[in-house]
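Just final.cif here, mmCIF, C-alpha atoms:
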data_entry
loop_
_atom_site.label_atom_id
_atom_site.label_comp_id
_atom_site.auth_asym_id
_atom_site.auth_seq_id
_atom_site.Cartn_x
_atom_site.Cartn_y
_atom_site.Cartn_z
CA MET K 16 3.49 11.79 0.77
CA LEU K 17 3.40 11.69 -3.02
CA LEU K 18 -0.04 12.35 -4.53
CA LEU K 19 -0.78 11.09 -8.04
CA GLN K 20 -3.84 11.32 -10.23
CA ARG K 21 -4.55 8.33 -12.46
CA LYS K 22 -7.41 7.49 -14.79
CA PRO K 23 -8.86 4.01 -15.35
CA ASN K 24 -6.33 1.61 -16.90
CA GLN K 25 -3.42 3.87 -15.95
CA SER K 26 -0.83 2.56 -13.52
CA ILE K 27 2.15 3.40 -11.36
CA VAL K 28 5.25 1.30 -10.74
CA ILE K 29 6.97 0.94 -7.38
CA HIS K 30 10.38 -0.63 -6.92
CA LYS K 31 13.21 -0.54 -4.44
CA ASN K 32 16.12 1.74 -5.27
CA ASP K 33 18.42 0.04 -7.77
CA GLU K 34 16.15 -3.03 -7.97
CA GLN K 35 14.06 -2.35 -11.05
CA ASP K 36 13.86 -6.07 -11.86
CA ASP K 37 11.23 -6.67 -9.14
CA PRO K 38 8.56 -3.96 -9.47
CA CYS K 39 5.06 -3.73 -8.06
CA VAL K 40 2.59 -2.33 -10.60
CA ILE K 41 -0.58 -0.70 -9.28
CA ARG K 42 -3.32 -0.13 -11.85
CA VAL K 43 -6.61 1.75 -11.56
CA VAL K 44 -9.06 -0.86 -12.84
CA GLU K 45 -12.35 0.93 -12.27
CA VAL K 46 -13.74 4.14 -10.79
CA LEU K 47 -17.40 3.86 -9.81
CA PRO K 48 -19.86 6.81 -9.76
CA THR K 49 -19.93 6.45 -5.96
CA GLY K 50 -16.23 7.37 -5.86
CA ASP K 51 -15.10 3.85 -5.02
CA VAL K 52 -11.94 2.81 -6.83
CA THR K 53 -10.86 -0.71 -7.78
CA LEU K 54 -7.09 -1.19 -7.87
CA GLY K 55 -5.12 -4.09 -9.31
CA PHE K 56 -1.69 -5.10 -7.99
CA LEU K 57 0.94 -7.05 -9.89
CA GLY K 58 4.19 -8.01 -8.20
CA GLY K 59 5.28 -11.51 -7.33
CA SER K 60 7.37 -10.83 -4.26
CA TYR K 61 5.06 -8.29 -2.63
CA LYS K 62 2.32 -8.99 -0.12
CA VAL K 63 -0.57 -6.53 -0.41
CA VAL K 64 -3.04 -6.04 2.45
CA ARG K 65 -5.49 -3.29 3.40
CA SER K 66 -4.05 -0.72 5.81
CA GLU K 67 -6.50 -1.56 8.60
CA ILE K 68 -5.41 -5.21 8.50
CA PHE K 69 -1.75 -4.21 8.42
CA SER K 70 -2.28 -1.81 11.35
CA ASN K 71 -4.06 -4.50 13.38
CA ASN K 72 -1.20 -6.92 12.75
CA GLU K 73 1.35 -4.28 13.76
CA GLU K 74 -0.60 -3.40 16.92
CA SER K 75 -0.60 -7.04 17.97
CA HIS K 76 3.18 -7.17 17.32
CA MET K 77 3.68 -3.96 19.31
CA THR K 78 2.00 -5.48 22.36
CA GLU K 79 4.29 -8.50 22.03
CA GLY K 80 7.47 -6.40 21.87
CA SER K 81 9.05 -3.97 19.48
CA SER K 82 7.91 -2.83 16.06
CA LYS K 83 10.22 -1.92 13.23
CA TYR K 84 7.73 0.82 12.29
CA GLY K 85 7.82 2.70 15.59
CA ASN K 86 4.82 4.88 16.39
CA LYS K 87 3.88 5.89 12.84
CA TYR K 88 0.57 4.06 13.08
CA ASN K 89 -0.42 5.71 16.32
CA ASN K 90 0.25 9.13 14.80
CA GLY K 91 -2.02 8.42 11.83
CA TYR K 92 0.51 8.29 9.02
CA TYR K 93 -0.96 5.05 7.68
CA SER K 94 -4.63 5.42 8.55
#
Please go through the file and, once you have read it, give me the structure as structure tokens.
Amino acid sequence: MLLLQRKPNQSIVIHKNDEQDDPCVIRVVEVLPTGDVTLGFLGGSYKVVRSEIFSNNEESHMTEGSSKYGNKYNNGYYS
């Protein structure tokens, strides 16, 4: 796992190897005194969902058959 520290209005860019033409930009929009962080996502071909929603969708797929993600979710990698 890569850990990064960013301040408000700073961002990171994610892209597939050798596909820099289709990035996903993640920007820290706001950090509240409570510690809550607001993130902004920009990337046309990416679908962004909260991990608990993604995990629930994967669990329902796993009961239907196979999952391309294996048991990573059960071991807590994405919790």
How would you write as an NGL selection string the residues that get within 9 Å of (4.6, -7.9, -10.3) in the file's frame, counting all atoms listed in the file? :K and (37-41 or 56-61)
How would you write, as a PyMOL selection string, the residues chosen by the PyMOL selection byres ((chain K and resi 21) around 12) on this structure? chain K and resi 18-20+22-27+41-46+52-54
Work out how far atom CA of K:Gln35 is from atom CA of K:Lys62, in Å to one decimal. 17.4 Å
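For the pair atom CA of K:Val28 and atom CA of K:Val63, the separation is 14.2 Å.
Distance-wise, atom CA of K:His30 and atom CA of K:Val64 end up 17.2 Å apart.
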